[in-house]
Amino acid sequence: MQSNTSKIQFGNEELIIETGAVARQANGSVTVQYGGTVVLVTACMSKEIREGQGFFPLTVEYQEKTYAAGRIPGGFFKREGRPSENEILTARLIDRPIRPLFPKGLLNEVQIIALVLSSDGENDPDILAVIGASAALAISDIPFNGPLACCRVGLQEGGFVLNPTYAQLEHSDLDVVVVGNAQGIIMLEAKCREVSEKTFLEAVTFGFGHIEKIIHFQEDFCRAHGKPKQDVQYKITSPELKRRLEELAKEKLAHIYSLSKKEEREEEADLLAKELETSLTPEGYQVEDVRVALEEVEKEQVRKKILKENIRIDARGFKDIRPITCAVSVLPRTHGSCIFTRGQTQSLAVTTLGTGEDEQLIEALEGEKYKSFMLHYSFPPFSVGETAPVRGPGRREIGHGVLAERALLAVIPPKEKFPYTIRVVSEILESNGSSSMATVCASTLSLMDAGVPIKDVVAGVALGLVKEGSKAVVLTDITGLEDHYGDMDLKVAGTKQGITAVQLDLKIDGISLELMDLCMKQAQEARGFILAKMTSVLNTPREKLSSYAPRIETLKINTEKIGAVIGPGGKIIKHIIATTGASIDIQDDGTVLVASTDPMKSNEAIAMIKAITEDVEVGRIYNAKVKKVTNFGAFCEIAPGKEGLVHVSELAEGFVKNVEAVVKLGDEIKVKVVGIDEQGRINLSKKRAEEHTST
């Protein structure tokens with residue numbers, strides 16, 4: 001079995017690409033290794049085009065098998081099930097940069113599959129999966145305008161770090177994934193801790209400088225081991241059909257694009273499409289061909305208005321933001337809520353506060369971890385005036401939710417300061433461009449409305465691009481039509497101090513660092529405008545939590561007393577929870593979190609815990625329960641697991657002939673600790689407690 005291997009130094013480790021040893025029936029396959037992490041990536045293309053296929057059918061799958069990290073899956077079935085959130089996000093990370101590099105008109109089905117074969121627990125496989133997808137396509141016979149390359153950039157006190165490990169990222173002020181090709185930047189994805197635009201662009205420049213050599217490395221690898229590209233059939237619009245459509249539709253399209261409302265434009269466009277289909281199908285044109293050609297004509301018209309006439313569809317200036325309204329506390333029983341509306345995009349964000357029991361357990365290749373802040377994004381079909389089956393969240397919904405979650409992570413308070421589990425849900429009620437950034441804005445105000453002490457206010461904005469030749473126009477706050485017919489979707493979120501999240505996707509084959517700089521400056525200006533609108537409604541978190549949210553009280557106990565609070569088989573803590581109704585979370589360092597919506601129940605639980613963990617004090621009065629009655633006295637429990645004897649002589653004044661005449665089993669009485677002997681036995685007195693109370 002012949003294999004072909006190439007190596008190159010890439011940060012602290014060697015990047016090793018190998019082909020020819022495994023998965024040889026795929027059109028292209030490679031293994032990519034970095035440290036002890038290995039990813040197999042394959043690329044396959046169908047031989048024929050499906051009948052009626054009208055778009056490029058690219059699918060990307062990324063799978064992490066636990067054997068890669070030497071573990072067996074948890075759960076009943078002991079095998080991997082549906083894709084995890086991280087697998088979906090990595091599949092999107094692969095898909096987004098390679099999609100624009102396939103030739104226009106390619107309709108053969110293409111599938112990329114990336115399998116993590118080995119994980120060293122230090123190096124993230126996602127970067128290798130992107131590079132592997134590029135290399136597998138580049139050496140295959142599948143038409144592809146690559147290669148591209150990818151790296152991750154971190155920031156620590158010593159400067160930028162290329163391909164930081166998981167441990168290094170824990171202390172990094174930014175986490176930027178940079179993807180590019182020979183033409184420039186293709187995709188960016190970043191999570192930051194309020195870094196400046198200058199620092200962010202320096203990180204992108206640093207990363208791009210390193211991936212250029214990986215691009216050349218792949219070019220050499222492809223020349224040595226690549227296959228000739230297939231001669232496939234491309235779906236190209238007939239020039240004659242396009243000319244006929246321009247003749248018939250030019251004036252009507254001009255009228256449609258003068259309409260300010262999205263619904264009116266869509267209704268008129270649908271009527272025009274049906275009219276053109278009716279008039280052109282008798283001439284021998286297929287309905288599908290008419291629709292595709294009409295979309296090309298529409299695209300050219302929209303872009304021409306922007307580039308040549310300097311007019312946007314809704315008549316805004318290139319930097320103008322649509323009207324914004326914000327309203328908080330819009331729901332009566334939730335912990336925090338906000339409706340954020342920008343033009344025809346609207347997000348309802350609802351915040352719910354929970355306890356440590358509500359944290360999410362995540363099983364990842366690098367190990368188990370708990371997540372106490374979650375942001376979930378929902379995109380129902382009515383938000384765009386359509387009907388569709390309502391199922392679980394798709395890849396787009398998961399991706400948008402995680403982007404908004406990353407944007408807010410930098411301002412979420414640490415557990416030590418705010419020991420709650422936080423869940424925010426964004427329901428998109430209307431959508432016409434950048435619902436993920438509306439989610440960032442709505443979620444921020446919802447958190448503040450709930451009383452979460454976030455560090456600062458976060459806003460987000462989406463920018464578009466129309467570029468032809470040397471002319472490029474950057475559009476602030478893009479609508480759905482500008483996103484659809486434009487060349488870029490750049491989302492930037494942050495506070496007044498700096499950037500917290502960035503996501504860049506392109507439909508062209510790259511943009512320069514200079515153009516990227518212009519986009520970031522325009523985004524910063526827009527963010528300031530949106531922040532002002534938001535803070536005019538609510539500029540600081542509410543001082544008090546909602547009355548419907550749980551109150552979490554914190555106390556510290558001696559770690560040696562944790563077992564006493566839990567009790568054998570959890571008997572003691574279960575008793576406290578059952579008695580008070582409070583939720584109790586005991587951590588390994590002795591921190592105890594007591595939560596309840598009723599402060600009295602929390603106080604009762606805290607008192608019971610303190611009674612167990614604090615040393616018994618001579619002279620202190622306790623509320624006790626009679627657990628056993630004998631002829632010489634009564635044994636009383638002053639705290640779970642702590643009992644003492646009230647001798648018959650200490651039950652009451654004078655001689656007590658019958659103990660049960662004074663106390664009975666189950667009675668609750670006040671007692672005073674009068675002594676503790678050398679064996680630790682506690683002596684109690686009922687009569688002295690009564691004397692103390694009466695005085």
# chains A, B, ... in the order shown; residues from 1 in each chain; ligands from 1
$ residues_around --residues "region 29-32 of chain A" --least-positions-apart "4" --cutoff "12 Å" --atoms "only C-alpha atoms" --output "PyMOL selection string"
chain A and resi 3-8+14-25+36-44+111-119+125-142+218+221-222+225-227
$ residues_around --residues "Ala501 (chain A)" --least-positions-apart "4" --cutoff "12 Å" --atoms "only C-alpha atoms" --output "PyMOL selection string"
chain A and resi 173-177+188-197+200+400+402-411+436-437+440+458-462+490-495+520+523
$ write_last_selection --atoms "C-alpha atoms" --output "PDB file, in the first residue's frame"
ATOM      1  CA  ASP A 173      -8.257  37.313  25.274  1.00  0.00           C
ATOM      2  CA  LEU A 174      -9.331  36.216  21.828  1.00  0.00           C
ATOM      3  CA  ASP A 175      -9.977  33.068  19.817  1.00  0.00           C
ATOM      4  CA  VAL A 176      -9.943  33.816  16.079  1.00  0.00           C
ATOM      5  CA  VAL A 177     -10.228  31.247  13.299  1.00  0.00           C
ATOM      6  CA  LEU A 188     -13.463  34.589  10.035  1.00  0.00           C
ATOM      7  CA  GLU A 189     -14.929  33.352  13.287  1.00  0.00           C
ATOM      8  CA  ALA A 190     -13.958  34.965  16.570  1.00  0.00           C
ATOM      9  CA  LYS A 191     -14.746  35.065  20.267  1.00  0.00           C
ATOM     10  CA  CYS A 192     -13.088  37.971  22.095  1.00  0.00           C
ATOM     11  CA  ARG A 193     -12.891  39.617  25.498  1.00  0.00           C
ATOM     12  CA  GLU A 194     -13.574  43.193  24.404  1.00  0.00           C
ATOM     13  CA  VAL A 195     -10.503  43.625  22.207  1.00  0.00           C
ATOM     14  CA  SER A 196     -10.053  46.696  20.032  1.00  0.00           C
ATOM     15  CA  GLU A 197     -10.566  46.708  16.261  1.00  0.00           C
ATOM     16  CA  PHE A 200      -8.403  42.146  16.136  1.00  0.00           C
ATOM     17  CA  HIS A 400     -26.755  31.627  15.050  1.00  0.00           C
ATOM     18  CA  VAL A 402     -23.743  30.013  19.414  1.00  0.00           C
ATOM     19  CA  LEU A 403     -22.617  33.194  17.639  1.00  0.00           C
ATOM     20  CA  ALA A 404     -24.881  35.278  19.907  1.00  0.00           C
ATOM     21  CA  GLU A 405     -23.772  33.265  22.941  1.00  0.00           C
ATOM     22  CA  ARG A 406     -20.108  33.964  22.162  1.00  0.00           C
ATOM     23  CA  ALA A 407     -20.901  37.654  21.793  1.00  0.00           C
ATOM     24  CA  LEU A 408     -22.255  37.767  25.366  1.00  0.00           C
ATOM     25  CA  LEU A 409     -19.776  35.466  27.115  1.00  0.00           C
ATOM     26  CA  ALA A 410     -17.295  38.288  27.666  1.00  0.00           C
ATOM     27  CA  VAL A 411     -19.770  40.213  29.868  1.00  0.00           C
ATOM     28  CA  SER A 436     -28.521  36.795  14.974  1.00  0.00           C
ATOM     29  CA  MET A 437     -27.375  40.351  15.709  1.00  0.00           C
ATOM     30  CA  VAL A 440     -27.453  39.787  20.653  1.00  0.00           C
ATOM     31  CA  VAL A 458     -23.414  44.355  23.979  1.00  0.00           C
ATOM     32  CA  ALA A 459     -24.765  45.239  20.535  1.00  0.00           C
ATOM     33  CA  GLY A 460     -24.345  43.570  17.163  1.00  0.00           C
ATOM     34  CA  VAL A 461     -24.622  44.619  13.537  1.00  0.00           C
ATOM     35  CA  ALA A 462     -24.348  42.887  10.141  1.00  0.00           C
ATOM     36  CA  LEU A 490     -20.005  40.198   8.250  1.00  0.00           C
ATOM     37  CA  LYS A 491     -21.418  40.147  11.753  1.00  0.00           C
ATOM     38  CA  VAL A 492     -19.634  42.116  14.494  1.00  0.00           C
ATOM     39  CA  ALA A 493     -20.742  42.310  18.129  1.00  0.00           C
ATOM     40  CA  GLY A 494     -19.213  44.147  21.036  1.00  0.00           C
ATOM     41  CA  THR A 495     -19.404  46.723  23.808  1.00  0.00           C
ATOM     42  CA  MET A 520     -14.452  46.842  10.893  1.00  0.00           C
ATOM     43  CA  ALA A 523     -19.090  48.215  12.071  1.00  0.00           C
TER      44      ALA A 523
END
$ closest_residue --among "A:Ala68, A:Ile321, A:Asp509, A:Pro73" --to "Val179 (chain A)" --atoms "only C-alpha atoms"
A:Asp509
$ residues_around --residues "region 203-207 of chain A" --least-positions-apart "4" --cutoff "9 Å" --atoms "only C-alpha atoms" --output "VMD selection string"
chain A and resid 150 to 155 160 162 174 176 to 179 185 188 198 to 199 211 to 212 513
$ write_last_selection --atoms "N, CA and C atoms" --output "PDB file, in the first residue's frame"
ATOM      1  N   CYS A 150      -6.231  27.332   6.929  1.00  0.00           N
ATOM      2  CA  CYS A 150      -6.928  27.768   8.146  1.00  0.00           C
ATOM      3  C   CYS A 150      -5.980  27.714   9.330  1.00  0.00           C
ATOM      4  N   CYS A 151      -6.154  28.623  10.270  1.00  0.00           N
ATOM      5  CA  CYS A 151      -5.410  28.579  11.529  1.00  0.00           C
ATOM      6  C   CYS A 151      -6.243  29.227  12.615  1.00  0.00           C
ATOM      7  N   ARG A 152      -5.835  29.021  13.852  1.00  0.00           N
ATOM      8  CA  ARG A 152      -6.463  29.674  14.998  1.00  0.00           C
ATOM      9  C   ARG A 152      -5.419  30.593  15.633  1.00  0.00           C
ATOM     10  N   VAL A 153      -5.868  31.761  16.089  1.00  0.00           N
ATOM     11  CA  VAL A 153      -4.961  32.726  16.716  1.00  0.00           C
ATOM     12  C   VAL A 153      -5.477  33.048  18.111  1.00  0.00           C
ATOM     13  N   GLY A 154      -4.599  32.965  19.088  1.00  0.00           N
ATOM     14  CA  GLY A 154      -4.909  33.364  20.452  1.00  0.00           C
ATOM     15  C   GLY A 154      -4.099  34.583  20.843  1.00  0.00           C
ATOM     16  N   LEU A 155      -4.417  35.180  21.991  1.00  0.00           N
ATOM     17  CA  LEU A 155      -3.706  36.368  22.460  1.00  0.00           C
ATOM     18  C   LEU A 155      -3.431  36.236  23.947  1.00  0.00           C
ATOM     19  N   PHE A 160       0.608  37.281  20.181  1.00  0.00           N
ATOM     20  CA  PHE A 160      -0.274  36.350  19.491  1.00  0.00           C
ATOM     21  C   PHE A 160       0.299  34.932  19.525  1.00  0.00           C
ATOM     22  N   LEU A 162      -0.056  31.147  17.671  1.00  0.00           N
ATOM     23  CA  LEU A 162      -0.571  30.397  16.532  1.00  0.00           C
ATOM     24  C   LEU A 162      -1.029  29.019  16.983  1.00  0.00           C
ATOM     25  N   LEU A 174      -8.562  36.427  23.052  1.00  0.00           N
ATOM     26  CA  LEU A 174      -9.331  36.216  21.828  1.00  0.00           C
ATOM     27  C   LEU A 174      -9.081  34.822  21.278  1.00  0.00           C
ATOM     28  N   VAL A 176      -9.576  33.464  17.450  1.00  0.00           N
ATOM     29  CA  VAL A 176      -9.943  33.816  16.079  1.00  0.00           C
ATOM     30  C   VAL A 176      -9.543  32.691  15.131  1.00  0.00           C
ATOM     31  N   VAL A 177     -10.505  32.200  14.370  1.00  0.00           N
ATOM     32  CA  VAL A 177     -10.228  31.247  13.299  1.00  0.00           C
ATOM     33  C   VAL A 177     -10.156  32.043  12.002  1.00  0.00           C
ATOM     34  N   VAL A 178      -9.009  31.958  11.330  1.00  0.00           N
ATOM     35  CA  VAL A 178      -8.768  32.699  10.088  1.00  0.00           C
ATOM     36  C   VAL A 178      -8.683  31.704   8.940  1.00  0.00           C
ATOM     37  N   VAL A 179      -9.502  31.904   7.905  1.00  0.00           N
ATOM     38  CA  VAL A 179      -9.471  31.065   6.709  1.00  0.00           C
ATOM     39  C   VAL A 179      -9.224  31.963   5.513  1.00  0.00           C
ATOM     40  N   ILE A 185      -8.756  36.972   2.589  1.00  0.00           N
ATOM     41  CA  ILE A 185      -9.556  36.358   3.648  1.00  0.00           C
ATOM     42  C   ILE A 185     -10.857  35.815   3.053  1.00  0.00           C
ATOM     43  N   LEU A 188     -13.970  34.323   8.691  1.00  0.00           N
ATOM     44  CA  LEU A 188     -13.463  34.589  10.035  1.00  0.00           C
ATOM     45  C   LEU A 188     -14.504  34.139  11.047  1.00  0.00           C
ATOM     46  N   LYS A 198      -8.242  47.405  16.291  1.00  0.00           N
ATOM     47  CA  LYS A 198      -6.833  47.372  15.887  1.00  0.00           C
ATOM     48  C   LYS A 198      -6.206  46.029  16.261  1.00  0.00           C
ATOM     49  N   THR A 199      -6.434  45.596  17.502  1.00  0.00           N
ATOM     50  CA  THR A 199      -5.872  44.319  17.952  1.00  0.00           C
ATOM     51  C   THR A 199      -6.456  43.157  17.156  1.00  0.00           C
ATOM     52  N   ILE A 211      -1.005  31.293   7.276  1.00  0.00           N
ATOM     53  CA  ILE A 211      -1.711  30.332   6.419  1.00  0.00           C
ATOM     54  C   ILE A 211      -1.262  30.435   4.963  1.00  0.00           C
ATOM     55  N   GLU A 212      -0.620  31.533   4.583  1.00  0.00           N
ATOM     56  CA  GLU A 212      -0.127  31.639   3.204  1.00  0.00           C
ATOM     57  C   GLU A 212       0.847  30.503   2.889  1.00  0.00           C
ATOM     58  N   LEU A 513      -7.018  42.521   3.280  1.00  0.00           N
ATOM     59  CA  LEU A 513      -6.960  42.988   4.665  1.00  0.00           C
ATOM     60  C   LEU A 513      -7.331  44.468   4.749  1.00  0.00           C
TER      61      LEU A 513
END
$ residues_around --residues "Phe340 (chain A)" --least-positions-apart "3" --cutoff "9 Å" --atoms "only C-alpha atoms" --output "PDB file with N, CA and C atoms, in the first residue's frame"
ATOM      1  N   ILE A 324     -34.960  51.532  15.062  1.00  0.00           N
ATOM      2  CA  ILE A 324     -34.800  50.573  16.166  1.00  0.00           C
ATOM      3  C   ILE A 324     -35.759  50.934  17.293  1.00  0.00           C
ATOM      4  N   THR A 325     -36.458  49.928  17.818  1.00  0.00           N
ATOM      5  CA  THR A 325     -37.252  50.106  19.039  1.00  0.00           C
ATOM      6  C   THR A 325     -36.929  48.962  19.994  1.00  0.00           C
ATOM      7  N   CYS A 326     -36.919  49.263  21.280  1.00  0.00           N
ATOM      8  CA  CYS A 326     -36.643  48.257  22.308  1.00  0.00           C
ATOM      9  C   CYS A 326     -37.701  48.372  23.403  1.00  0.00           C
ATOM     10  N   ALA A 327     -38.108  47.231  23.931  1.00  0.00           N
ATOM     11  CA  ALA A 327     -39.036  47.218  25.067  1.00  0.00           C
ATOM     12  C   ALA A 327     -38.638  46.091  26.002  1.00  0.00           C
ATOM     13  N   VAL A 328     -38.547  46.375  27.305  1.00  0.00           N
ATOM     14  CA  VAL A 328     -38.168  45.356  28.286  1.00  0.00           C
ATOM     15  C   VAL A 328     -39.350  45.046  29.204  1.00  0.00           C
ATOM     16  N   THR A 345     -36.865  43.108  11.292  1.00  0.00           N
ATOM     17  CA  THR A 345     -36.261  42.009  12.041  1.00  0.00           C
ATOM     18  C   THR A 345     -36.577  42.214  13.513  1.00  0.00           C
ATOM     19  N   GLN A 346     -37.096  41.169  14.147  1.00  0.00           N
ATOM     20  CA  GLN A 346     -37.561  41.313  15.527  1.00  0.00           C
ATOM     21  C   GLN A 346     -37.217  40.061  16.337  1.00  0.00           C
ATOM     22  N   SER A 347     -36.610  40.277  17.491  1.00  0.00           N
ATOM     23  CA  SER A 347     -36.261  39.174  18.393  1.00  0.00           C
ATOM     24  C   SER A 347     -36.921  39.383  19.750  1.00  0.00           C
ATOM     25  N   LEU A 348     -37.580  38.354  20.233  1.00  0.00           N
ATOM     26  CA  LEU A 348     -38.067  38.312  21.615  1.00  0.00           C
ATOM     27  C   LEU A 348     -37.093  37.450  22.395  1.00  0.00           C
ATOM     28  N   ALA A 349     -36.383  38.041  23.337  1.00  0.00           N
ATOM     29  CA  ALA A 349     -35.413  37.302  24.153  1.00  0.00           C
ATOM     30  C   ALA A 349     -35.937  37.172  25.574  1.00  0.00           C
ATOM     31  N   ALA A 438     -29.745  40.866  15.991  1.00  0.00           N
ATOM     32  CA  ALA A 438     -30.899  41.316  16.778  1.00  0.00           C
ATOM     33  C   ALA A 438     -30.999  40.489  18.051  1.00  0.00           C
ATOM     34  N   THR A 439     -30.648  39.214  17.957  1.00  0.00           N
ATOM     35  CA  THR A 439     -30.632  38.330  19.124  1.00  0.00           C
ATOM     36  C   THR A 439     -29.638  38.817  20.171  1.00  0.00           C
ATOM     37  N   CYS A 441     -28.654  41.896  20.707  1.00  0.00           N
ATOM     38  CA  CYS A 441     -29.190  43.107  21.334  1.00  0.00           C
ATOM     39  C   CYS A 441     -30.338  42.778  22.288  1.00  0.00           C
ATOM     40  N   ALA A 442     -31.280  41.957  21.819  1.00  0.00           N
ATOM     41  CA  ALA A 442     -32.432  41.598  22.653  1.00  0.00           C
ATOM     42  C   ALA A 442     -31.992  40.819  23.884  1.00  0.00           C
ATOM     43  N   SER A 443     -31.041  39.906  23.711  1.00  0.00           N
ATOM     44  CA  SER A 443     -30.577  39.076  24.831  1.00  0.00           C
ATOM     45  C   SER A 443     -29.869  39.906  25.888  1.00  0.00           C
ATOM     46  N   LEU A 445     -30.435  43.088  26.682  1.00  0.00           N
ATOM     47  CA  LEU A 445     -31.444  43.817  27.461  1.00  0.00           C
ATOM     48  C   LEU A 445     -32.276  42.872  28.320  1.00  0.00           C
ATOM     49  N   MET A 534     -30.097  51.248  22.705  1.00  0.00           N
ATOM     50  CA  MET A 534     -30.384  50.253  23.737  1.00  0.00           C
ATOM     51  C   MET A 534     -30.314  50.854  25.134  1.00  0.00           C
TER      52      MET A 534
END
$ closest_residue --among "A:Arg92, A:Arg688, A:Arg681, A:Arg82" --to "Ile398 (chain A)" --atoms "only C-alpha atoms"
A:Arg92
$ closest_residue --among "A:Val287, A:Ile313, A:Val60, A:Met187" --to "Lys274 (chain A)" --atoms "only C-alpha atoms"
A:Val287
$ residues_around --residues "Gly563 (chain A)" --least-positions-apart "3" --cutoff "12 Å" --atoms "only C-alpha atoms" --output "list in words"
Ile557, Asn558, Thr559, Glu560, Ile566, Gly567, Pro568, Gly569, Gly570, Lys571, Ile572, Ile573, Ile586, Gln587, Asp588, Gly590, Ile609, Ile612, Thr613, Pro640 and Gly641 of chain A
$ atom_distance --atom1 "CA of Gly633 (chain A)" --atom2 "CA of Val663 (chain A)"
9.3 Å
$ closest_residue --among "A:Glu51, A:Leu518, A:Tyr257, A:Ser84" --to "Glu288 (chain A)" --atoms "only C-alpha atoms"
A:Glu51
$ select_by_dssp --residues "region 336-572 of chain A" --states "strand (DSSP E or B)" --output "PyMOL selection string"
chain A and resi 336-342+345-354+360-364+367-371+373-378+421-430+459-468+471-476+488-494+499-506+511+551-556
$ closest_residue --among "A:Ser685, A:Thr591, A:Thr341, A:Thr355" --to "Arg620 (chain A)" --atoms "only C-alpha atoms"
A:Ser685
$ residues_around --residues "region 595-599 of chain A" --least-positions-apart "6" --cutoff "12 Å" --atoms "only C-alpha atoms" --output "PyMOL selection string"
chain A and resi 335+353-357+419-421+545-555+577+580-586+605-606
$ atom_distance --atom1 "CA of Ala564 (chain A)" --atom2 "CA of Ala624 (chain A)"
17.9 Å
